[in-house]
file coords.cif (mmCIF, C-alpha atoms)
data_my_file
loop_
_atom_site.label_atom_id
_atom_site.label_comp_id
_atom_site.auth_asym_id
_atom_site.auth_seq_id
_atom_site.Cartn_x
_atom_site.Cartn_y
_atom_site.Cartn_z
CA MET A 1 -18.69 -17.76 14.76
CA LEU A 2 -20.19 -19.90 12.00
CA ARG A 3 -22.79 -17.20 11.34
CA LYS A 4 -20.05 -14.64 10.90
CA LEU A 5 -18.02 -16.88 8.60
CA LYS A 6 -21.06 -17.30 6.36
CA GLN A 7 -21.10 -13.51 5.89
CA LEU A 8 -17.63 -13.45 4.34
CA ASP A 9 -17.46 -12.14 0.78
CA PHE A 10 -16.65 -15.30 -1.14
CA ALA A 11 -15.88 -13.33 -4.29
CA VAL A 12 -13.03 -11.68 -2.38
CA MET A 13 -11.84 -15.05 -1.09
CA LEU A 14 -11.87 -16.44 -4.63
CA VAL A 15 -9.77 -13.49 -5.82
CA LEU A 16 -7.30 -14.10 -2.99
CA LEU A 17 -6.99 -17.75 -4.01
CA CYS A 18 -6.36 -16.73 -7.63
CA LEU A 19 -3.70 -14.24 -6.50
CA MET A 20 -2.12 -16.98 -4.41
CA ALA A 21 -1.94 -19.20 -7.49
CA PHE A 22 -0.35 -16.35 -9.45
CA SER A 23 2.17 -15.77 -6.69
CA LEU A 24 3.25 -19.34 -6.02
CA THR A 25 3.60 -20.30 -9.68
CA SER A 26 5.47 -17.11 -10.54
CA ILE A 27 7.87 -17.41 -7.62
CA TYR A 28 8.51 -21.06 -8.44
CA SER A 29 9.25 -20.14 -12.05
CA VAL A 30 12.14 -17.84 -11.12
CA THR A 31 13.50 -19.73 -8.11
CA ALA A 32 13.30 -23.44 -8.97
CA GLY A 33 16.71 -25.06 -9.26
CA ARG A 34 18.58 -22.11 -7.78
CA PRO A 35 20.38 -23.05 -4.56
CA LYS A 36 19.70 -19.88 -2.56
CA THR A 37 16.05 -19.45 -3.51
CA ASP A 38 14.87 -22.97 -4.37
CA LEU A 39 12.48 -23.17 -1.40
CA TYR A 40 11.03 -19.66 -1.68
CA SER A 41 7.81 -20.87 -3.25
CA VAL A 42 7.34 -23.31 -0.35
CA ARG A 43 8.01 -20.54 2.15
CA MET A 44 5.52 -18.31 0.36
CA ALA A 45 2.91 -21.07 0.64
CA VAL A 46 3.54 -21.13 4.39
CA TYR A 47 3.19 -17.35 4.50
CA TYR A 48 -0.14 -17.69 2.70
CA VAL A 49 -1.36 -20.19 5.30
CA ILE A 50 -0.42 -17.71 8.03
CA GLY A 51 -1.98 -14.91 6.01
CA PHE A 52 -5.31 -16.71 5.59
CA ALA A 53 -5.32 -17.47 9.32
CA GLY A 54 -4.77 -13.78 10.03
CA PHE A 55 -7.44 -12.89 7.49
CA LEU A 56 -10.06 -15.10 9.16
CA ALA A 57 -9.11 -14.06 12.70
CA THR A 58 -9.29 -10.35 11.83
CA SER A 59 -12.61 -10.85 10.06
CA LEU A 60 -14.18 -12.11 13.29
CA VAL A 61 -12.95 -9.14 15.35
CA ASN A 62 -15.28 -6.15 15.43
CA TYR A 63 -13.43 -3.40 13.56
CA LYS A 64 -14.89 -0.84 15.97
CA LEU A 65 -12.50 -2.21 18.60
CA LEU A 66 -9.62 -1.23 16.32
CA ILE A 67 -11.05 2.29 16.10
CA LYS A 68 -11.56 2.45 19.86
CA TYR A 69 -7.94 1.56 20.63
CA ALA A 70 -6.42 3.30 17.61
CA LEU A 71 -4.23 5.62 19.70
CA TYR A 72 -2.53 2.66 21.36
CA VAL A 73 -2.06 1.03 17.97
CA TYR A 74 -0.42 4.22 16.68
CA ILE A 75 1.91 4.55 19.68
CA PHE A 76 2.91 0.89 19.45
CA GLY A 77 3.70 1.35 15.77
CA LEU A 78 5.87 4.39 16.49
CA MET A 79 7.77 2.41 19.12
CA LEU A 80 8.48 -0.30 16.56
CA LEU A 81 9.70 2.27 14.02
CA LEU A 82 11.99 3.80 16.63
CA PHE A 83 13.29 0.44 17.76
CA VAL A 84 14.14 -0.71 14.25
CA LEU A 85 16.30 2.39 13.73
CA PHE A 86 18.66 1.18 16.44
CA ALA A 87 18.28 -2.60 16.38
CA GLY A 88 17.12 -3.29 12.83
CA ASN A 89 18.87 -5.24 10.11
CA GLU A 90 19.80 -3.64 6.80
CA TYR A 91 18.79 -5.15 3.46
CA TYR A 92 19.13 -3.50 0.05
CA GLY A 93 20.24 -0.22 1.61
CA ALA A 94 17.31 0.13 4.04
CA ARG A 95 17.53 -0.48 7.80
CA GLY A 96 14.01 -1.66 8.39
CA TRP A 97 13.84 -5.33 9.42
CA LEU A 98 13.64 -6.95 12.84
CA THR A 99 14.73 -10.55 13.35
CA LEU A 100 12.12 -12.76 15.01
CA PRO A 101 12.46 -16.21 16.58
CA GLY A 102 12.54 -19.06 14.09
CA GLY A 103 14.48 -17.15 11.48
CA LEU A 104 11.52 -14.95 10.56
CA SER A 105 11.73 -11.20 10.02
CA LEU A 106 9.36 -8.28 10.45
CA GLN A 107 9.33 -4.98 8.59
CA PRO A 108 7.61 -2.44 10.89
CA ALA A 109 7.24 0.10 8.04
CA GLU A 110 4.93 -2.35 6.26
CA LEU A 111 2.98 -3.02 9.44
CA PHE A 112 2.57 0.68 10.18
CA LYS A 113 0.66 1.28 6.94
CA LEU A 114 -2.33 -0.55 8.40
CA PHE A 115 -1.77 1.09 11.79
CA LEU A 116 -1.87 4.50 10.12
CA VAL A 117 -5.11 3.68 8.31
CA ILE A 118 -6.71 2.69 11.63
CA PHE A 119 -5.44 5.76 13.49
CA LEU A 120 -6.38 8.33 10.85
CA SER A 121 -9.81 6.72 10.46
CA SER A 122 -10.40 7.09 14.20
CA LEU A 123 -9.40 10.77 14.03
CA LEU A 124 -11.75 11.43 11.13
CA LEU A 125 -14.60 9.71 12.94
CA ARG A 126 -14.19 12.01 15.94
CA LYS A 127 -13.39 15.22 14.06
CA ASN A 128 -15.95 15.08 11.30
CA ARG A 129 -19.26 14.60 13.12
CA ASP A 130 -20.95 17.26 11.02
CA ARG A 131 -20.57 15.69 7.58
CA SER A 132 -21.76 18.77 5.68
CA ARG A 133 -19.19 21.25 7.05
CA GLY A 134 -16.06 19.50 5.83
CA LEU A 135 -12.73 19.42 7.65
CA TYR A 136 -11.24 22.61 9.06
CA PHE A 137 -7.71 23.25 7.85
CA TRP A 138 -5.96 24.22 11.09
CA ARG A 139 -8.10 22.19 13.45
CA ASP A 140 -8.35 18.97 11.42
CA VAL A 141 -6.10 18.78 8.36
CA VAL A 142 -2.88 20.15 9.86
CA PRO A 143 -2.91 17.94 13.01
CA MET A 144 -3.55 14.84 10.89
CA GLY A 145 -0.73 15.86 8.58
CA LEU A 146 1.69 16.33 11.48
CA LEU A 147 0.73 12.97 13.00
CA THR A 148 1.46 11.37 9.63
CA LEU A 149 4.72 13.27 9.26
CA VAL A 150 6.20 11.68 12.40
CA PRO A 151 6.19 8.05 11.12
CA LEU A 152 7.02 9.29 7.62
CA MET A 153 10.25 10.86 8.86
CA LEU A 154 11.12 7.76 10.89
CA VAL A 155 10.73 5.58 7.80
CA MET A 156 12.70 8.05 5.70
CA ALA A 157 15.49 7.71 8.26
CA GLN A 158 15.46 3.98 7.45
CA ASN A 159 16.13 4.81 3.76
CA ASP A 160 12.69 3.45 2.83
CA LEU A 161 11.29 6.06 0.45
CA GLY A 162 8.61 3.79 -1.00
CA ASN A 163 6.75 3.09 2.25
CA ALA A 164 7.18 6.69 3.41
CA LEU A 165 5.37 7.97 0.32
CA CYS A 166 2.64 5.40 0.91
CA TYR A 167 1.89 7.05 4.27
CA LEU A 168 1.41 10.36 2.48
CA LEU A 169 -1.00 8.83 -0.06
CA ILE A 170 -3.01 7.16 2.72
CA LEU A 171 -3.40 10.57 4.37
CA VAL A 172 -4.55 12.13 1.08
CA GLY A 173 -7.12 9.38 0.44
CA LEU A 174 -8.60 9.61 3.91
CA LEU A 175 -8.71 13.41 3.88
CA TRP A 176 -10.62 13.29 0.62
CA ILE A 177 -13.33 10.91 1.75
CA GLY A 178 -13.31 12.54 5.19
CA GLY A 179 -14.55 15.80 3.72
CA ILE A 180 -11.60 18.07 3.02
CA ARG A 181 -12.84 21.34 1.51
CA TYR A 182 -12.35 21.64 -2.23
CA VAL A 183 -10.40 24.87 -1.92
CA HIS A 184 -7.93 23.19 0.45
CA ALA A 185 -7.70 20.14 -1.80
CA LEU A 186 -7.07 22.38 -4.82
CA ILE A 187 -4.34 24.28 -3.03
CA GLY A 188 -2.73 21.06 -1.86
CA PHE A 189 -2.85 19.60 -5.35
CA ALA A 190 -1.31 22.75 -6.83
CA VAL A 191 1.49 22.77 -4.26
CA ALA A 192 2.18 19.06 -4.76
CA PHE A 193 2.18 19.41 -8.55
CA ALA A 194 4.51 22.42 -8.41
CA ALA A 195 6.86 20.62 -6.01
CA ILE A 196 6.98 17.42 -8.09
CA PHE A 197 7.29 19.21 -11.44
CA GLY A 198 9.85 21.64 -10.07
CA GLY A 199 11.82 18.86 -8.44
CA ILE A 200 11.92 16.83 -11.65
CA GLN A 201 13.01 19.80 -13.73
CA ALA A 202 15.64 20.78 -11.16
CA TYR A 203 17.02 17.24 -11.13
CA ILE A 204 17.22 17.12 -14.92
CA HIS A 205 18.81 20.53 -15.41
CA TYR A 206 21.02 20.49 -12.30
CA HIS A 207 21.82 16.80 -12.26
CA ASP A 208 25.41 17.05 -11.08
CA GLU A 209 24.54 19.38 -8.22
CA ALA A 210 21.64 17.14 -7.18
CA ALA A 211 23.89 14.08 -7.27
CA LYS A 212 26.40 15.82 -5.00
CA LEU A 213 23.62 16.77 -2.61
CA PHE A 214 22.32 13.19 -2.39
CA LYS A 215 25.82 11.88 -1.77
CA SER A 216 26.41 14.45 0.96
CA ILE A 217 23.33 13.29 2.89
CA GLY A 218 23.99 9.57 2.38
CA ARG A 219 21.34 8.96 -0.27
CA GLU A 220 23.51 7.78 -3.17
CA HIS A 221 20.99 5.06 -4.01
CA TRP A 222 18.46 7.75 -4.97
CA ILE A 223 20.72 8.64 -7.89
CA ALA A 224 20.61 5.03 -9.08
CA ARG A 225 16.81 5.15 -8.98
CA PHE A 226 16.18 8.60 -10.48
CA ASP A 227 18.79 8.56 -13.28
CA PRO A 228 17.29 5.67 -15.33
CA TRP A 229 13.87 7.30 -14.99
CA LEU A 230 14.64 10.98 -15.65
CA VAL A 231 18.05 11.16 -17.34
CA PRO A 232 18.72 7.73 -18.86
CA ASP A 233 21.53 9.11 -21.01
CA LYS A 234 23.46 9.97 -17.84
CA ALA A 235 22.66 6.77 -15.97
CA SER A 236 25.47 4.27 -15.55
CA ARG A 237 25.17 0.80 -17.00
CA ASP A 238 24.73 -0.69 -13.53
CA ASP A 239 22.02 1.81 -12.59
CA SER A 240 19.95 1.22 -15.73
CA TRP A 241 20.57 -2.55 -15.85
CA GLN A 242 17.39 -3.61 -14.04
CA THR A 243 14.95 -1.24 -15.72
CA TYR A 244 16.43 -1.82 -19.19
CA ASN A 245 16.14 -5.59 -18.92
CA ALA A 246 12.70 -5.32 -17.33
CA LYS A 247 11.35 -3.28 -20.25
CA LEU A 248 12.98 -5.69 -22.68
CA ALA A 249 11.35 -8.67 -20.99
CA ILE A 250 7.92 -7.05 -20.74
CA GLY A 251 7.97 -6.01 -24.38
CA SER A 252 9.13 -9.42 -25.57
CA GLY A 253 6.25 -11.15 -23.82
CA GLY A 254 3.84 -10.10 -26.55
CA LEU A 255 0.20 -11.08 -26.41
CA ASP A 256 0.35 -14.50 -24.79
CA GLY A 257 3.90 -14.67 -23.42
CA LYS A 258 6.81 -17.00 -24.03
CA GLY A 259 5.42 -19.76 -21.88
CA TYR A 260 5.77 -20.82 -18.27
CA MET A 261 9.43 -20.92 -17.18
CA GLN A 262 10.45 -20.02 -20.75
CA GLY A 263 11.21 -16.33 -20.32
CA THR A 264 14.67 -15.78 -21.79
CA THR A 265 15.32 -12.57 -19.84
CA ILE A 266 13.69 -13.36 -16.51
CA GLN A 267 15.23 -16.85 -16.40
CA SER A 268 18.76 -15.51 -16.97
CA ASP A 269 20.57 -15.11 -13.66
CA GLY A 270 21.24 -11.51 -12.73
CA ARG A 271 19.50 -9.79 -15.63
CA VAL A 272 16.46 -8.83 -13.54
CA PRO A 273 17.41 -8.62 -9.85
CA LEU A 274 14.88 -9.74 -7.23
CA ALA A 275 12.75 -11.46 -9.84
CA PHE A 276 10.91 -13.33 -7.07
CA ALA A 277 10.15 -10.17 -5.05
CA ASP A 278 9.90 -6.59 -6.29
CA SER A 279 10.40 -7.57 -9.96
CA ILE A 280 7.82 -10.39 -10.06
CA PHE A 281 5.64 -8.49 -12.55
CA VAL A 282 8.42 -8.83 -15.13
CA GLN A 283 8.08 -12.62 -14.95
CA ILE A 284 4.31 -12.38 -15.37
CA ALA A 285 4.58 -10.04 -18.37
CA GLU A 286 7.28 -12.03 -20.16
CA GLU A 287 5.99 -15.55 -19.56
CA TYR A 288 2.22 -14.90 -19.49
CA GLY A 289 2.20 -11.93 -21.86
CA PHE A 290 -0.36 -9.16 -22.13
CA ILE A 291 -3.17 -11.63 -21.42
CA GLY A 292 -1.63 -12.80 -18.17
CA SER A 293 -0.79 -9.26 -17.07
CA SER A 294 -4.33 -8.13 -17.84
CA ALA A 295 -5.74 -11.08 -15.88
CA LEU A 296 -3.71 -9.99 -12.86
CA LEU A 297 -4.91 -6.39 -13.15
CA LEU A 298 -8.48 -7.66 -13.52
CA LEU A 299 -8.15 -9.55 -10.25
CA TYR A 300 -6.97 -6.36 -8.55
CA PHE A 301 -9.90 -4.47 -10.08
CA ILE A 302 -12.42 -7.03 -8.82
CA LEU A 303 -10.88 -6.97 -5.35
CA ILE A 304 -11.03 -3.17 -5.10
CA HIS A 305 -14.55 -3.09 -6.59
CA ARG A 306 -15.81 -5.51 -3.97
CA MET A 307 -14.18 -3.43 -1.25
CA ILE A 308 -15.97 -0.32 -2.50
CA LEU A 309 -19.32 -2.14 -2.43
CA ILE A 310 -18.68 -3.26 1.15
CA ALA A 311 -17.89 0.32 2.14
CA ALA A 312 -21.10 1.55 0.50
CA ASP A 313 -23.20 -0.94 2.46
CA CYS A 314 -21.70 -0.08 5.85
CA ARG A 315 -24.05 1.67 8.30
CA ASP A 316 -21.48 3.85 10.04
CA ARG A 317 -18.53 5.96 8.86
CA ALA A 318 -15.65 4.10 10.48
CA GLY A 319 -15.95 1.23 8.01
CA PRO A 320 -15.76 3.34 4.84
CA TYR A 321 -12.82 5.28 6.29
CA LEU A 322 -10.91 2.07 6.99
CA ILE A 323 -11.66 0.61 3.57
CA THR A 324 -10.71 3.84 1.79
CA GLY A 325 -7.32 3.84 3.50
CA ILE A 326 -6.73 0.19 2.61
CA ILE A 327 -7.78 0.75 -1.02
CA THR A 328 -5.42 3.72 -1.25
CA MET A 329 -2.61 1.59 0.14
CA PHE A 330 -3.19 -1.15 -2.45
CA ILE A 331 -3.59 1.19 -5.42
CA TYR A 332 -0.37 2.99 -4.51
CA GLN A 333 1.58 -0.27 -4.27
CA ILE A 334 0.21 -1.65 -7.53
CA PHE A 335 0.80 1.55 -9.49
CA VAL A 336 4.30 2.20 -8.13
CA ASN A 337 5.47 -1.39 -8.55
CA ILE A 338 4.24 -1.90 -12.11
CA GLY A 339 4.92 1.71 -13.11
CA ALA A 340 8.59 1.33 -12.18
CA PHE A 341 9.08 -1.41 -14.78
CA ILE A 342 7.30 0.34 -17.63
CA GLY A 343 9.04 3.70 -17.15
CA LEU A 344 6.28 5.64 -15.35
CA MET A 345 7.93 5.69 -11.92
CA PRO A 346 11.39 5.29 -10.40
CA LEU A 347 12.30 2.08 -8.63
CA THR A 348 11.30 2.38 -4.97
CA GLY A 349 11.43 -1.18 -3.66
CA ILE A 350 7.65 -1.54 -3.25
CA THR A 351 6.29 -5.09 -3.42
CA LEU A 352 3.41 -6.13 -5.67
CA PRO A 353 0.51 -6.91 -3.29
CA PHE A 354 -0.21 -10.63 -2.77
CA ILE A 355 2.28 -11.60 -5.50
CA SER A 356 5.82 -10.62 -4.48
CA TYR A 357 7.76 -12.86 -2.12
CA GLY A 358 7.75 -11.52 1.44
CA GLY A 359 6.12 -12.64 4.66
CA THR A 360 5.50 -9.28 6.31
CA SER A 361 3.99 -7.69 3.22
CA LEU A 362 1.71 -10.65 2.48
CA VAL A 363 0.45 -11.14 6.03
CA ILE A 364 -0.26 -7.41 6.47
CA ASN A 365 -2.14 -7.33 3.17
CA MET A 366 -4.19 -10.39 4.18
CA VAL A 367 -4.97 -8.89 7.58
CA SER A 368 -5.99 -5.67 5.83
CA ILE A 369 -8.51 -7.62 3.76
CA GLY A 370 -9.61 -9.20 7.04
CA VAL A 371 -10.40 -5.70 8.31
CA VAL A 372 -12.54 -5.16 5.22
CA MET A 373 -14.38 -8.43 5.92
CA SER A 374 -14.90 -7.29 9.51
CA VAL A 375 -16.62 -4.19 8.13
CA ARG A 376 -18.84 -6.44 6.02
CA ILE A 377 -19.73 -8.64 9.00
CA HIS A 378 -20.11 -5.98 11.71
CA GLY A 379 -20.88 -2.92 9.62
CA GLN A 380 -24.63 -3.21 10.10
CA GLU A 381 -24.33 -2.76 13.87
CA GLU A 382 -24.71 0.54 15.68
CA GLU A 383 -21.67 2.57 16.76
CA GLU A 384 -21.96 1.27 20.32
CA LEU A 385 -18.23 1.30 21.10
CA LEU A 386 -17.76 5.00 20.38
CA PRO A 387 -19.41 8.08 21.93
CA LEU A 388 -21.33 8.92 18.78
CA GLN A 389 -24.80 7.54 19.57
CA ASN A 390 -26.58 10.87 19.29
CA GLU A 391 -25.82 11.23 15.61
CA PRO A 392 -28.47 10.33 13.02
CA ALA A 393 -28.01 6.91 11.45
CA PRO A 394 -26.34 7.16 8.06
CA ALA A 395 -27.94 5.87 4.91
CA THR A 396 -26.92 2.58 3.35
CA GLY A 397 -26.21 1.32 -0.14
CA THR A 398 -26.99 3.67 -3.01
CA GLY A 399 -28.40 6.25 -0.60
CA LYS A 400 -25.04 6.44 1.18
CA ILE A 401 -23.21 7.05 -2.09
CA LEU A 402 -25.67 9.76 -3.13
CA ARG A 403 -25.34 11.39 0.29
CA LEU A 404 -21.54 11.41 0.02
CA ILE A 405 -21.81 13.06 -3.41
CA ARG A 406 -24.30 15.63 -2.08
CA ASP A 407 -22.12 16.41 0.93
CA GLY A 408 -19.13 16.80 -1.36
CA PHE A 409 -20.84 19.57 -3.31
CA ASN A 410 -21.80 21.27 -0.06
CA ARG A 411 -18.30 21.32 1.44
CA ASN A 412 -17.71 24.93 0.51
#
call {"tool": "encode", "arguments": {"input": "coords.cif", "output": "structure tokens"}}
result
Amino acid sequence: MLRKLKQLDFAVMLVLLCLMAFSLTSIYSVTAGRPKTDLYSVRMAVYYVIGFAGFLATSLVNYKLLIKYALYVYIFGLMLLLFVLFAGNEYYGARGWLTLPGGLSLQPAELFKLFLVIFLSSLLLRKNRDRSRGLYFWRDVVPMGLLTLVPLMLVMAQNDLGNALCYLLILVGLLWIGGIRYVHALIGFAVAFAAIFGGIQAYIHYHDEAAKLFKSIGREHWIARFDPWLVPDKASRDDSWQTYNAKLAIGSGGLDGKGYMQGTTIQSDGRVPLAFADSIFVQIAEEYGFIGSSALLLLYFILIHRMILIAADCRDRAGPYLITGIITMFIYQIFVNIGAFIGLMPLTGITLPFISYGGTSLVINMVSIGVVMSVRIHGQEEEELLPLQNEPAPATGTGKILRLIRDGFNRN
């Protein structure tokens, strides 16, 4: 065990400690002295202790075991998503939380993101044995899409649009590194672009009809999220309250911020809802300024860069698949969370990884990094747990990257 612990990437651990410092100080800034949230920073510290324990435990487990039992992981995740539909608690318009002993709660939709990464990685490993041929559309791409659609629809039924879209992005990221043919990728991109652009234009030009449609299917909260983003002149004062104040706070932070616990907007009760959770970036931007926000983004960049290097050094393909899915998950969450407060995206209720208050989100993110560390520790071993021994050993390091580039040009 000690030998394995010595192989941990200490640069990644240092980044996690810095993110923890960001999180705890930011949460304390917006919760201290407030009766209902005064102890949230203490609770978050406890969640970090649990998260680091999960991180270390997962690091010591051979990630190939996760690949081997991926089907059971997927089925268990689906059972949780089904169960929460009937027995879950509703918060902020989404029925997606299960109450655990000790007053804790679990959000299965968050947990399933990692489950989906594991399951899709196992499918790619078995489907794409001939790296040069790419994935077949009907045999490979469509089945993976349908298997992703099932949990996506279950999470949509919970009114959790943010996590549902994350599943879709995880699928796209894994299909890309798994060898989807360029012609299929181009068609998919064109269809997605046409659907998004057409949907946006339809919402803008047929706003009243779209609003009636959303109300008829019980999705009134989508109007509150899309109006401030696409048609701010038609958004009600309540609907645009959070995004307006968030932009005001971010802009007023300037270069070096207003100072710790000195943000006039973020410290005002009610002006930026959920300042300790989804809106935590507003506190960072106003009180730490552009410098503090850039420091946070730099930490994310270092973390993702280290993950890419670990994937490049792995001897088999399961490790890079897992890491690609996890990277996609993080990039989506970071972009959607921050983008919502600077006008690039609608509000979707996505947490900022490692920073926002929330036990389930933090622990899952820490365990995900533990999976990456498992790839670093066990990635030099042969694929002994899977029936793939007859394949030639893949290259490592720079040779692996060059081979991936070469195979990409040969997909068609």
call {"tool": "atom_distance", "arguments": {"input": "coords.cif", "atom1": "atom CA of Cys18 of chain A", "atom2": "atom CA of Ala295 of chain A"}}
result
10.0 Å
call {"tool": "residues_around", "arguments": {"input": "coords.cif", "residues": "His378 of chain A", "least_positions_apart": "5", "cutoff": "9 Å", "atoms": "all atoms listed in the file", "output": "ChimeraX atom specification"}}
result
/A:4,60-64,314,373
call {"tool": "closest_residue", "arguments": {"input": "coords.cif", "among": "A:Val363, A:Leu2, A:Ala21, A:Ile308", "to": "Leu296 of chain A", "atoms": "only C-alpha atoms"}}
result
A:Ala21
call {"tool": "closest_residue", "arguments": {"input": "coords.cif", "among": "A:Leu303, A:Glu286, A:Ser361, A:Ser356", "to": "Leu17 of chain A", "atoms": "all atoms listed in the file"}}
result
A:Leu303
call {"tool": "closest_residue", "arguments": {"input": "coords.cif", "among": "A:Trp241, A:Trp222, A:Phe119, A:Tyr182", "to": "Tyr321 of chain A", "atoms": "only C-alpha atoms"}}
result
A:Phe119
call {"tool": "atom_distance", "arguments": {"input": "coords.cif", "atom1": "atom CA of Leu352 of chain A", "atom2": "atom CA of Phe335 of chain A"}}
result
9.0 Å
call {"tool": "atom_distance", "arguments": {"input": "coords.cif", "atom1": "atom CA of Ile67 of chain A", "atom2": "atom CA of Leu149 of chain A"}}
result
20.4 Å
call {"tool": "closest_residue", "arguments": {"input": "coords.cif", "among": "A:Arg219, A:Arg315, A:Arg34, A:Arg139", "to": "Leu161 of chain A", "atoms": "all atoms listed in the file"}}
result
A:Arg219
call {"tool": "residues_around", "arguments": {"input": "coords.cif", "residues": "Ala211 of chain A", "least_positions_apart": "3", "cutoff": "8 Å", "atoms": "only C-alpha atoms", "output": "number ranges by chain"}}
result
A: 207-208, 214-215, 220, 223
call {"tool": "resolve_selection", "arguments": {"input": "coords.cif", "expression": "the PyMOL selection byres ((chain A and resi 24) around 12)", "output": "PyMOL selection string"}}
result
chain A and resi 17-23+25-32+39-48+276-277+280+284+354-358
call {"tool": "resolve_selection", "arguments": {"input": "coords.cif", "expression": "the PyMOL selection byres ((chain A and resi 177) around 9)", "output": "list in words"}}
result
Val172, Gly173, Leu174, Leu175, Trp176, Gly178, Gly179, Ile180, Pro320, Tyr321, Thr324, Leu404 and Gly408 of chain A
call {"tool": "residues_around", "arguments": {"input": "coords.cif", "residues": "Gly349 of chain A", "least_positions_apart": "2", "cutoff": "9 Å", "atoms": "only C-alpha atoms", "output": "PDB file with C-alpha atoms, in the coordinates of the input"}}
result
ATOM      1  CA  TYR A  92      19.130  -3.500   0.050  1.00  0.00           C
ATOM      2  CA  ASP A 160      12.690   3.450   2.830  1.00  0.00           C
ATOM      3  CA  LEU A 161      11.290   6.060   0.450  1.00  0.00           C
ATOM      4  CA  GLY A 162       8.610   3.790  -1.000  1.00  0.00           C
ATOM      5  CA  ASN A 163       6.750   3.090   2.250  1.00  0.00           C
ATOM      6  CA  ASP A 278       9.900  -6.590  -6.290  1.00  0.00           C
ATOM      7  CA  ASN A 337       5.470  -1.390  -8.550  1.00  0.00           C
ATOM      8  CA  LEU A 347      12.300   2.080  -8.630  1.00  0.00           C
ATOM      9  CA  THR A 351       6.290  -5.090  -3.420  1.00  0.00           C
TER      10      THR A 351
END
call {"tool": "residues_around", "arguments": {"input": "coords.cif", "residues": "Leu322 of chain A", "least_positions_apart": "6", "cutoff": "7 Å", "atoms": "only C-alpha atoms", "output": "PyMOL selection string"}}
result
chain A and resi 117-118+121
call {"tool": "resolve_selection", "arguments": {"input": "coords.cif", "expression": "the PyMOL selection byres ((chain A and resi 255-263) around 12)", "output": "number ranges by chain"}}
result
A: 22, 25-33, 245-246, 248-254, 264-269, 271-272, 275, 282-295
call {"tool": "residues_around", "arguments": {"input": "coords.cif", "residues": "Arg95 of chain A", "least_positions_apart": "2", "cutoff": "12 Å", "atoms": "only C-alpha atoms", "output": "PDB file with C-alpha atoms, keeping the file's coordinate frame"}}
result
ATOM      1  CA  LEU A  81       9.700   2.270  14.020  1.00  0.00           C
ATOM      2  CA  LEU A  82      11.990   3.800  16.630  1.00  0.00           C
ATOM      3  CA  PHE A  83      13.290   0.440  17.760  1.00  0.00           C
ATOM      4  CA  VAL A  84      14.140  -0.710  14.250  1.00  0.00           C
ATOM      5  CA  LEU A  85      16.300   2.390  13.730  1.00  0.00           C
ATOM      6  CA  PHE A  86      18.660   1.180  16.440  1.00  0.00           C
ATOM      7  CA  ALA A  87      18.280  -2.600  16.380  1.00  0.00           C
ATOM      8  CA  GLY A  88      17.120  -3.290  12.830  1.00  0.00           C
ATOM      9  CA  ASN A  89      18.870  -5.240  10.110  1.00  0.00           C
ATOM     10  CA  GLU A  90      19.800  -3.640   6.800  1.00  0.00           C
ATOM     11  CA  TYR A  91      18.790  -5.150   3.460  1.00  0.00           C
ATOM     12  CA  TYR A  92      19.130  -3.500   0.050  1.00  0.00           C
ATOM     13  CA  GLY A  93      20.240  -0.220   1.610  1.00  0.00           C
ATOM     14  CA  TRP A  97      13.840  -5.330   9.420  1.00  0.00           C
ATOM     15  CA  LEU A  98      13.640  -6.950  12.840  1.00  0.00           C
ATOM     16  CA  THR A  99      14.730 -10.550  13.350  1.00  0.00           C
ATOM     17  CA  LEU A 106       9.360  -8.280  10.450  1.00  0.00           C
ATOM     18  CA  GLN A 107       9.330  -4.980   8.590  1.00  0.00           C
ATOM     19  CA  PRO A 108       7.610  -2.440  10.890  1.00  0.00           C
ATOM     20  CA  ALA A 109       7.240   0.100   8.040  1.00  0.00           C
ATOM     21  CA  LEU A 154      11.120   7.760  10.890  1.00  0.00           C
ATOM     22  CA  VAL A 155      10.730   5.580   7.800  1.00  0.00           C
ATOM     23  CA  MET A 156      12.700   8.050   5.700  1.00  0.00           C
ATOM     24  CA  ALA A 157      15.490   7.710   8.260  1.00  0.00           C
ATOM     25  CA  GLN A 158      15.460   3.980   7.450  1.00  0.00           C
ATOM     26  CA  ASN A 159      16.130   4.810   3.760  1.00  0.00           C
ATOM     27  CA  ASP A 160      12.690   3.450   2.830  1.00  0.00           C
ATOM     28  CA  LEU A 161      11.290   6.060   0.450  1.00  0.00           C
TER      29      LEU A 161
END
call {"tool": "closest_residue", "arguments": {"input": "coords.cif", "among": "A:Ala224, A:Leu111, A:Leu56, A:Ala70", "to": "Asp9 of chain A", "atoms": "all atoms listed in the file"}}
result
A:Leu56
call {"tool": "decode", "arguments": {"input": "coords.cif", "residues": "segment 213-226 of chain A", "atoms": "C-alpha atoms", "output": "PDB file, in the first residue's frame"}}
result
ATOM      1  CA  LEU A 213     -45.649  24.838 -24.158  1.00  0.00           C
ATOM      2  CA  PHE A 214     -43.287  24.744 -21.162  1.00  0.00           C
ATOM      3  CA  LYS A 215     -46.150  25.496 -18.792  1.00  0.00           C
ATOM      4  CA  SER A 216     -48.281  22.754 -20.325  1.00  0.00           C
ATOM      5  CA  ILE A 217     -45.594  20.130 -19.656  1.00  0.00           C
ATOM      6  CA  GLY A 218     -44.776  21.370 -16.154  1.00  0.00           C
ATOM      7  CA  ARG A 219     -41.486  23.075 -16.996  1.00  0.00           C
ATOM      8  CA  GLU A 220     -42.282  26.662 -16.005  1.00  0.00           C
ATOM      9  CA  HIS A 221     -38.850  27.029 -14.406  1.00  0.00           C
ATOM     10  CA  TRP A 222     -37.259  26.707 -17.861  1.00  0.00           C
ATOM     11  CA  ILE A 223     -38.846  30.038 -18.759  1.00  0.00           C
ATOM     12  CA  ALA A 224     -37.182  31.649 -15.747  1.00  0.00           C
ATOM     13  CA  ARG A 225     -33.827  30.302 -16.916  1.00  0.00           C
ATOM     14  CA  PHE A 226     -34.067  30.990 -20.659  1.00  0.00           C
TER      15      PHE A 226
END
